[in-house]
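Here the structure is laid out as structure tokens; the discussion comes afterwards.
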Amino acid sequence: MKTILVLYSYHHMNTEKVAKVMAKVLDAQIKTPQEIDPKDLREYDLVGFGSGIYGEKHHKFLLDLADKLPHVANKKGFIFSTSAIMGKDKVAEDHATLRKKLQSKGYIIVDEFACKGFNTNSFLKYFGGMNKGRPNTRDLENAKEFAQKLIQKAKGS
């Protein structure tokens with residue numbers, strides 16, 4: 001299964017740590033939205049889209065790429081992120097903008113992954129940040145397990 005991860009990660013490289021673990025399991029390459037020609041994603045069987053969460057949504061670069069994607073027929077994709085605040089409903093909300101954009105282009109979202117990430121944005125920098133040390137070993141193990149299950153889900157759906 002030919003797989004690629006489209007990733008935008010900066011600040012503390014939280015989401016990149018997660019992407020590297022997933023890419024190893026999925027035997028996938030990782031590229032930034034700026035390195036992608038949207039029409040080239042058609043050659044992949046599975047496409048992962050991920051970034052940190054900023055203002056309750058994925059990074060603007062990733063959302064802008066999603067807007068430029070050509071329409072596809074039942075292309076399989078998945079979404080991943082790191083953020084300061086977690087919770088089932090919170091993750092669903094954070095992923096909603098990207099999910100809607102991808103689904104409107106014909107992507108079938110096979111699954112979604114999120115974990116906490118170290119955050120020093122805004123006033124948090126004055127207090128040493130939030131979620132120091134995250135993603136941690138357990139988070140990365142969860143990302144690995146997610147990727148292993150994703151292979152079966154992508155093949156089966």
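Identifiers in this document derive from the order of the structure tokens: chains are assigned A, B, ..., residues are numbered from 1 separately in each chain, and ligands are numbered from 1 in order of occurrence.
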Just want the 9 Å neighbourhood of Glu112 in chain A, counted on only C-alpha atoms, with same-chain residues fewer than 3 positions away dropped. Output as a PyMOL selection string. chain A and resi 78-81+91-92+95+109+146
Kindly export the residues of the current selection with C-alpha atoms, as a JSON list (two decimals), in the first residue's frame.
```json
[["chain", "number", "residue", "atom", "x", "y", "z"],
["A", 78, "PHE", "CA", -6.52, 9.66, 7.83],
["A", 79, "ILE", "CA", -6.07, 12.66, 10.07],
["A", 80, "PHE", "CA", -3.69, 13.15, 12.98],
["A", 81, "SER", "CA", -2.74, 15.93, 15.35],
["A", 91, "VAL", "CA", -10.54, 16.05, 19.03],
["A", 92, "ALA", "CA", -13.63, 15.63, 16.84],
["A", 95, "HIS", "CA", -10.42, 17.75, 13.23],
["A", 109, "ILE", "CA", -11.41, 9.15, 6.40],
["A", 146, "PHE", "CA", -2.74, 3.26, 15.54]]
```
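If you count only C-alpha atoms and ignore residues fewer than 2 places along the chain from range 38-52 of chain A, what sits within 6 Å of it is Met1, Lys2, Thr3, Ile4, Leu5, Val6, Leu7, Tyr8, Ser9, Thr15, Ile36, His58, Leu69, Lys76, Gly77, Phe78, Ile79, Phe80, Ser81, Thr82 and Ser83 of chain A.
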Emit the selected residues as a PDB file, in the first residue's frame, including C-alpha atoms.
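Here's the written file part_14.pdb:
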```
ATOM      1  CA  MET A   1       0.000   0.000   0.000  1.00  0.00           C
ATOM      2  CA  LYS A   2       1.621   3.230  -1.156  1.00  0.00           C
ATOM      3  CA  THR A   3       1.303   5.778   1.654  1.00  0.00           C
ATOM      4  CA  ILE A   4       2.339   9.375   2.291  1.00  0.00           C
ATOM      5  CA  LEU A   5       2.000  11.656   5.296  1.00  0.00           C
ATOM      6  CA  VAL A   6       1.451  15.347   4.674  1.00  0.00           C
ATOM      7  CA  LEU A   7       2.705  17.093   7.781  1.00  0.00           C
ATOM      8  CA  TYR A   8       3.171  20.602   9.048  1.00  0.00           C
ATOM      9  CA  SER A   9       5.012  20.690  12.369  1.00  0.00           C
ATOM     10  CA  THR A  15       3.421  16.252  15.473  1.00  0.00           C
ATOM     11  CA  ILE A  36       3.173  18.647  -2.345  1.00  0.00           C
ATOM     12  CA  HIS A  58      -5.189  22.179  11.840  1.00  0.00           C
ATOM     13  CA  LEU A  69      -6.863  19.060  -3.729  1.00  0.00           C
ATOM     14  CA  LYS A  76      -8.478   6.691   1.646  1.00  0.00           C
ATOM     15  CA  GLY A  77      -7.066   9.132   4.139  1.00  0.00           C
ATOM     16  CA  PHE A  78      -6.519   9.655   7.827  1.00  0.00           C
ATOM     17  CA  ILE A  79      -6.069  12.661  10.072  1.00  0.00           C
ATOM     18  CA  PHE A  80      -3.694  13.152  12.977  1.00  0.00           C
ATOM     19  CA  SER A  81      -2.740  15.934  15.347  1.00  0.00           C
ATOM     20  CA  THR A  82      -1.172  17.020  18.607  1.00  0.00           C
ATOM     21  CA  SER A  83      -2.689  19.665  20.827  1.00  0.00           C
TER      22      SER A  83
END
```
Hey, what does DSSP flag as alpha helix (DSSP H) within chain A? Can you give it to me as a PDB file with N, CA and C atoms, in the first residue's frame?
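As written to disk, result_27.pdb reads:
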```pdb
ATOM      1  N   ASN A  14       6.223  18.488  17.857  1.00  0.00           N
ATOM      2  CA  ASN A  14       5.394  17.444  18.474  1.00  0.00           C
ATOM      3  C   ASN A  14       4.786  16.500  17.443  1.00  0.00           C
ATOM      4  N   THR A  15       4.133  17.073  16.448  1.00  0.00           N
ATOM      5  CA  THR A  15       3.421  16.252  15.473  1.00  0.00           C
ATOM      6  C   THR A  15       4.398  15.506  14.576  1.00  0.00           C
ATOM      7  N   GLU A  16       5.567  16.064  14.353  1.00  0.00           N
ATOM      8  CA  GLU A  16       6.577  15.366  13.564  1.00  0.00           C
ATOM      9  C   GLU A  16       7.020  14.083  14.265  1.00  0.00           C
ATOM     10  N   LYS A  17       7.140  14.120  15.583  1.00  0.00           N
ATOM     11  CA  LYS A  17       7.515  12.914  16.334  1.00  0.00           C
ATOM     12  C   LYS A  17       6.493  11.802  16.102  1.00  0.00           C
ATOM     13  N   VAL A  18       5.230  12.163  16.149  1.00  0.00           N
ATOM     14  CA  VAL A  18       4.147  11.204  15.913  1.00  0.00           C
ATOM     15  C   VAL A  18       4.204  10.701  14.470  1.00  0.00           C
ATOM     16  N   ALA A  19       4.383  11.615  13.527  1.00  0.00           N
ATOM     17  CA  ALA A  19       4.413  11.246  12.105  1.00  0.00           C
ATOM     18  C   ALA A  19       5.560  10.288  11.796  1.00  0.00           C
ATOM     19  N   LYS A  20       6.703  10.511  12.391  1.00  0.00           N
ATOM     20  CA  LYS A  20       7.853   9.633  12.129  1.00  0.00           C
ATOM     21  C   LYS A  20       7.578   8.205  12.582  1.00  0.00           C
ATOM     22  N   VAL A  21       6.921   8.048  13.717  1.00  0.00           N
ATOM     23  CA  VAL A  21       6.567   6.709  14.204  1.00  0.00           C
ATOM     24  C   VAL A  21       5.581   6.050  13.238  1.00  0.00           C
ATOM     25  N   MET A  22       4.567   6.802  12.836  1.00  0.00           N
ATOM     26  CA  MET A  22       3.576   6.259  11.901  1.00  0.00           C
ATOM     27  C   MET A  22       4.208   5.918  10.557  1.00  0.00           C
ATOM     28  N   ALA A  23       5.061   6.799  10.062  1.00  0.00           N
ATOM     29  CA  ALA A  23       5.694   6.594   8.754  1.00  0.00           C
ATOM     30  C   ALA A  23       6.536   5.325   8.736  1.00  0.00           C
ATOM     31  N   LYS A  24       7.194   5.052   9.841  1.00  0.00           N
ATOM     32  CA  LYS A  24       8.020   3.839   9.909  1.00  0.00           C
ATOM     33  C   LYS A  24       7.140   2.593   9.787  1.00  0.00           C
ATOM     34  N   VAL A  25       6.031   2.566  10.508  1.00  0.00           N
ATOM     35  CA  VAL A  25       5.110   1.424  10.458  1.00  0.00           C
ATOM     36  C   VAL A  25       4.482   1.292   9.067  1.00  0.00           C
ATOM     37  N   LEU A  26       4.105   2.430   8.496  1.00  0.00           N
ATOM     38  CA  LEU A  26       3.389   2.435   7.216  1.00  0.00           C
ATOM     39  C   LEU A  26       4.317   2.419   5.999  1.00  0.00           C
ATOM     40  N   LYS A  60      -3.010  26.328   9.054  1.00  0.00           N
ATOM     41  CA  LYS A  60      -3.497  26.961   7.825  1.00  0.00           C
ATOM     42  C   LYS A  60      -2.870  26.355   6.570  1.00  0.00           C
ATOM     43  N   PHE A  61      -1.587  26.037   6.601  1.00  0.00           N
ATOM     44  CA  PHE A  61      -0.929  25.461   5.425  1.00  0.00           C
ATOM     45  C   PHE A  61      -1.594  24.145   5.014  1.00  0.00           C
ATOM     46  N   LEU A  62      -1.972  23.328   5.984  1.00  0.00           N
ATOM     47  CA  LEU A  62      -2.614  22.050   5.690  1.00  0.00           C
ATOM     48  C   LEU A  62      -4.040  22.275   5.176  1.00  0.00           C
ATOM     49  N   LEU A  63      -4.749  23.209   5.784  1.00  0.00           N
ATOM     50  CA  LEU A  63      -6.112  23.516   5.332  1.00  0.00           C
ATOM     51  C   LEU A  63      -6.115  24.119   3.929  1.00  0.00           C
ATOM     52  N   ASP A  64      -5.125  24.965   3.640  1.00  0.00           N
ATOM     53  CA  ASP A  64      -5.013  25.539   2.298  1.00  0.00           C
ATOM     54  C   ASP A  64      -4.741  24.455   1.260  1.00  0.00           C
ATOM     55  N   LEU A  65      -3.894  23.487   1.608  1.00  0.00           N
ATOM     56  CA  LEU A  65      -3.636  22.370   0.696  1.00  0.00           C
ATOM     57  C   LEU A  65      -4.930  21.596   0.446  1.00  0.00           C
ATOM     58  N   ALA A  66      -5.687  21.336   1.492  1.00  0.00           N
ATOM     59  CA  ALA A  66      -6.943  20.593   1.342  1.00  0.00           C
ATOM     60  C   ALA A  66      -7.886  21.303   0.367  1.00  0.00           C
ATOM     61  N   ASP A  67      -7.887  22.631   0.408  1.00  0.00           N
ATOM     62  CA  ASP A  67      -8.725  23.394  -0.525  1.00  0.00           C
ATOM     63  C   ASP A  67      -8.291  23.205  -1.978  1.00  0.00           C
ATOM     64  N   LYS A  68      -7.009  22.962  -2.201  1.00  0.00           N
ATOM     65  CA  LYS A  68      -6.455  22.844  -3.555  1.00  0.00           C
ATOM     66  C   LYS A  68      -6.497  21.425  -4.105  1.00  0.00           C
ATOM     67  N   LYS A  88     -12.399  13.306  23.667  1.00  0.00           N
ATOM     68  CA  LYS A  88     -13.014  12.745  22.459  1.00  0.00           C
ATOM     69  C   LYS A  88     -13.758  13.818  21.662  1.00  0.00           C
ATOM     70  N   ASP A  89     -14.619  14.567  22.340  1.00  0.00           N
ATOM     71  CA  ASP A  89     -15.374  15.607  21.640  1.00  0.00           C
ATOM     72  C   ASP A  89     -14.454  16.715  21.152  1.00  0.00           C
ATOM     73  N   LYS A  90     -13.442  17.050  21.925  1.00  0.00           N
ATOM     74  CA  LYS A  90     -12.498  18.113  21.555  1.00  0.00           C
ATOM     75  C   LYS A  90     -11.733  17.726  20.291  1.00  0.00           C
ATOM     76  N   VAL A  91     -11.267  16.502  20.214  1.00  0.00           N
ATOM     77  CA  VAL A  91     -10.539  16.046  19.033  1.00  0.00           C
ATOM     78  C   VAL A  91     -11.453  16.074  17.809  1.00  0.00           C
ATOM     79  N   ALA A  92     -12.678  15.604  17.958  1.00  0.00           N
ATOM     80  CA  ALA A  92     -13.631  15.625  16.838  1.00  0.00           C
ATOM     81  C   ALA A  92     -13.844  17.053  16.348  1.00  0.00           C
ATOM     82  N   GLU A  93     -13.962  17.989  17.272  1.00  0.00           N
ATOM     83  CA  GLU A  93     -14.118  19.404  16.901  1.00  0.00           C
ATOM     84  C   GLU A  93     -12.860  19.928  16.211  1.00  0.00           C
ATOM     85  N   ASP A  94     -11.699  19.630  16.784  1.00  0.00           N
ATOM     86  CA  ASP A  94     -10.435  20.110  16.222  1.00  0.00           C
ATOM     87  C   ASP A  94     -10.200  19.590  14.808  1.00  0.00           C
ATOM     88  N   HIS A  95     -10.633  18.375  14.544  1.00  0.00           N
ATOM     89  CA  HIS A  95     -10.420  17.748  13.234  1.00  0.00           C
ATOM     90  C   HIS A  95     -11.534  18.077  12.235  1.00  0.00           C
ATOM     91  N   ALA A  96     -12.608  18.676  12.702  1.00  0.00           N
ATOM     92  CA  ALA A  96     -13.802  18.866  11.867  1.00  0.00           C
ATOM     93  C   ALA A  96     -13.542  19.661  10.593  1.00  0.00           C
ATOM     94  N   THR A  97     -12.807  20.756  10.678  1.00  0.00           N
ATOM     95  CA  THR A  97     -12.581  21.592   9.495  1.00  0.00           C
ATOM     96  C   THR A  97     -11.829  20.816   8.416  1.00  0.00           C
ATOM     97  N   LEU A  98     -10.734  20.146   8.805  1.00  0.00           N
ATOM     98  CA  LEU A  98      -9.958  19.374   7.833  1.00  0.00           C
ATOM     99  C   LEU A  98     -10.771  18.189   7.324  1.00  0.00           C
ATOM    100  N   ARG A  99     -11.459  17.496   8.215  1.00  0.00           N
ATOM    101  CA  ARG A  99     -12.257  16.339   7.807  1.00  0.00           C
ATOM    102  C   ARG A  99     -13.283  16.735   6.748  1.00  0.00           C
ATOM    103  N   LYS A 100     -14.003  17.823   6.980  1.00  0.00           N
ATOM    104  CA  LYS A 100     -15.024  18.272   6.018  1.00  0.00           C
ATOM    105  C   LYS A 100     -14.407  18.613   4.669  1.00  0.00           C
ATOM    106  N   LYS A 101     -13.272  19.295   4.684  1.00  0.00           N
ATOM    107  CA  LYS A 101     -12.601  19.653   3.427  1.00  0.00           C
ATOM    108  C   LYS A 101     -12.190  18.395   2.656  1.00  0.00           C
ATOM    109  N   LEU A 102     -11.598  17.423   3.360  1.00  0.00           N
ATOM    110  CA  LEU A 102     -11.148  16.197   2.696  1.00  0.00           C
ATOM    111  C   LEU A 102     -12.329  15.386   2.175  1.00  0.00           C
ATOM    112  N   GLN A 103     -13.364  15.257   2.972  1.00  0.00           N
ATOM    113  CA  GLN A 103     -14.535  14.497   2.531  1.00  0.00           C
ATOM    114  C   GLN A 103     -15.209  15.158   1.331  1.00  0.00           C
ATOM    115  N   SER A 104     -15.199  16.484   1.289  1.00  0.00           N
ATOM    116  CA  SER A 104     -15.803  17.181   0.146  1.00  0.00           C
ATOM    117  C   SER A 104     -15.022  16.938  -1.140  1.00  0.00           C
ATOM    118  N   THR A 137       6.645   8.645  25.583  1.00  0.00           N
ATOM    119  CA  THR A 137       6.840   7.280  25.078  1.00  0.00           C
ATOM    120  C   THR A 137       5.507   6.562  24.865  1.00  0.00           C
ATOM    121  N   ARG A 138       4.591   6.741  25.798  1.00  0.00           N
ATOM    122  CA  ARG A 138       3.281   6.085  25.673  1.00  0.00           C
ATOM    123  C   ARG A 138       2.497   6.640  24.481  1.00  0.00           C
ATOM    124  N   ASP A 139       2.551   7.968  24.292  1.00  0.00           N
ATOM    125  CA  ASP A 139       1.872   8.580  23.145  1.00  0.00           C
ATOM    126  C   ASP A 139       2.421   8.017  21.834  1.00  0.00           C
ATOM    127  N   LEU A 140       3.730   7.883  21.761  1.00  0.00           N
ATOM    128  CA  LEU A 140       4.352   7.373  20.534  1.00  0.00           C
ATOM    129  C   LEU A 140       4.046   5.893  20.327  1.00  0.00           C
ATOM    130  N   GLU A 141       3.928   5.153  21.416  1.00  0.00           N
ATOM    131  CA  GLU A 141       3.520   3.753  21.310  1.00  0.00           C
ATOM    132  C   GLU A 141       2.079   3.677  20.804  1.00  0.00           C
ATOM    133  N   ASN A 142       1.218   4.573  21.283  1.00  0.00           N
ATOM    134  CA  ASN A 142      -0.166   4.630  20.798  1.00  0.00           C
ATOM    135  C   ASN A 142      -0.210   4.973  19.310  1.00  0.00           C
ATOM    136  N   ALA A 143       0.674   5.864  18.882  1.00  0.00           N
ATOM    137  CA  ALA A 143       0.744   6.224  17.456  1.00  0.00           C
ATOM    138  C   ALA A 143       1.174   5.018  16.626  1.00  0.00           C
ATOM    139  N   LYS A 144       2.111   4.250  17.143  1.00  0.00           N
ATOM    140  CA  LYS A 144       2.575   3.039  16.453  1.00  0.00           C
ATOM    141  C   LYS A 144       1.427   2.030  16.325  1.00  0.00           C
ATOM    142  N   GLU A 145       0.694   1.806  17.427  1.00  0.00           N
ATOM    143  CA  GLU A 145      -0.436   0.876  17.408  1.00  0.00           C
ATOM    144  C   GLU A 145      -1.531   1.370  16.457  1.00  0.00           C
ATOM    145  N   PHE A 146      -1.766   2.671  16.456  1.00  0.00           N
ATOM    146  CA  PHE A 146      -2.740   3.262  15.539  1.00  0.00           C
ATOM    147  C   PHE A 146      -2.361   2.940  14.095  1.00  0.00           C
ATOM    148  N   ALA A 147      -1.098   3.150  13.747  1.00  0.00           N
ATOM    149  CA  ALA A 147      -0.625   2.906  12.376  1.00  0.00           C
ATOM    150  C   ALA A 147      -0.747   1.428  12.001  1.00  0.00           C
ATOM    151  N   GLN A 148      -0.450   0.543  12.942  1.00  0.00           N
ATOM    152  CA  GLN A 148      -0.583  -0.889  12.669  1.00  0.00           C
ATOM    153  C   GLN A 148      -2.044  -1.257  12.374  1.00  0.00           C
ATOM    154  N   LYS A 149      -2.971  -0.717  13.163  1.00  0.00           N
ATOM    155  CA  LYS A 149      -4.392  -0.979  12.941  1.00  0.00           C
ATOM    156  C   LYS A 149      -4.884  -0.308  11.667  1.00  0.00           C
ATOM    157  N   LEU A 150      -4.287   0.830  11.351  1.00  0.00           N
ATOM    158  CA  LEU A 150      -4.681   1.570  10.165  1.00  0.00           C
ATOM    159  C   LEU A 150      -4.450   0.768   8.889  1.00  0.00           C
ATOM    160  N   ILE A 151      -3.404   0.000   8.861  1.00  0.00           N
ATOM    161  CA  ILE A 151      -3.108  -0.840   7.686  1.00  0.00           C
ATOM    162  C   ILE A 151      -4.289  -1.758   7.403  1.00  0.00           C
ATOM    163  N   GLN A 152      -4.784  -2.434   8.433  1.00  0.00           N
ATOM    164  CA  GLN A 152      -5.912  -3.348   8.263  1.00  0.00           C
ATOM    165  C   GLN A 152      -7.191  -2.601   7.897  1.00  0.00           C
ATOM    166  N   LYS A 153      -7.418  -1.465   8.545  1.00  0.00           N
ATOM    167  CA  LYS A 153      -8.624  -0.683   8.254  1.00  0.00           C
ATOM    168  C   LYS A 153      -8.614  -0.172   6.809  1.00  0.00           C
ATOM    169  N   ALA A 154      -7.459   0.277   6.373  1.00  0.00           N
ATOM    170  CA  ALA A 154      -7.366   0.823   5.006  1.00  0.00           C
ATOM    171  C   ALA A 154      -7.552  -0.274   3.969  1.00  0.00           C
ATOM    172  N   LYS A 155      -7.059  -1.453   4.246  1.00  0.00           N
ATOM    173  CA  LYS A 155      -7.216  -2.568   3.316  1.00  0.00           C
ATOM    174  C   LYS A 155      -8.648  -3.091   3.311  1.00  0.00           C
ATOM    175  N   GLY A 156      -9.302  -3.029   4.473  1.00  0.00           N
ATOM    176  CA  GLY A 156     -10.625  -3.599   4.618  1.00  0.00           C
ATOM    177  C   GLY A 156     -11.765  -2.690   4.194  1.00  0.00           C
TER     178      GLY A 156
END
```
Find the distance between CA of Gln29 in chain A and CA of Gly55 in chain A and write it in Å to one decimal. 27.6 Å
DSSP strand (DSSP E or B) selection over chain A, as a ChimeraX atom specification: /A:3-8,29-31,46-53,58,75-83,107-116,119,130
Coordinates-based distance that separates CA of Asp37 in chain A from CA of Ala73 in chain A (Å, one decimal):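 Straight-line distance from CA of Ala73 in chain A to CA of Asp37 in chain A works out to 18.0 Å.
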Separation of CA of Cys115 in chain A from CA of Ile53 in chain A, in Å and rounded to one decimal: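 Between CA of Cys115 in chain A and CA of Ile53 in chain A the gap works out to 10.6 Å.
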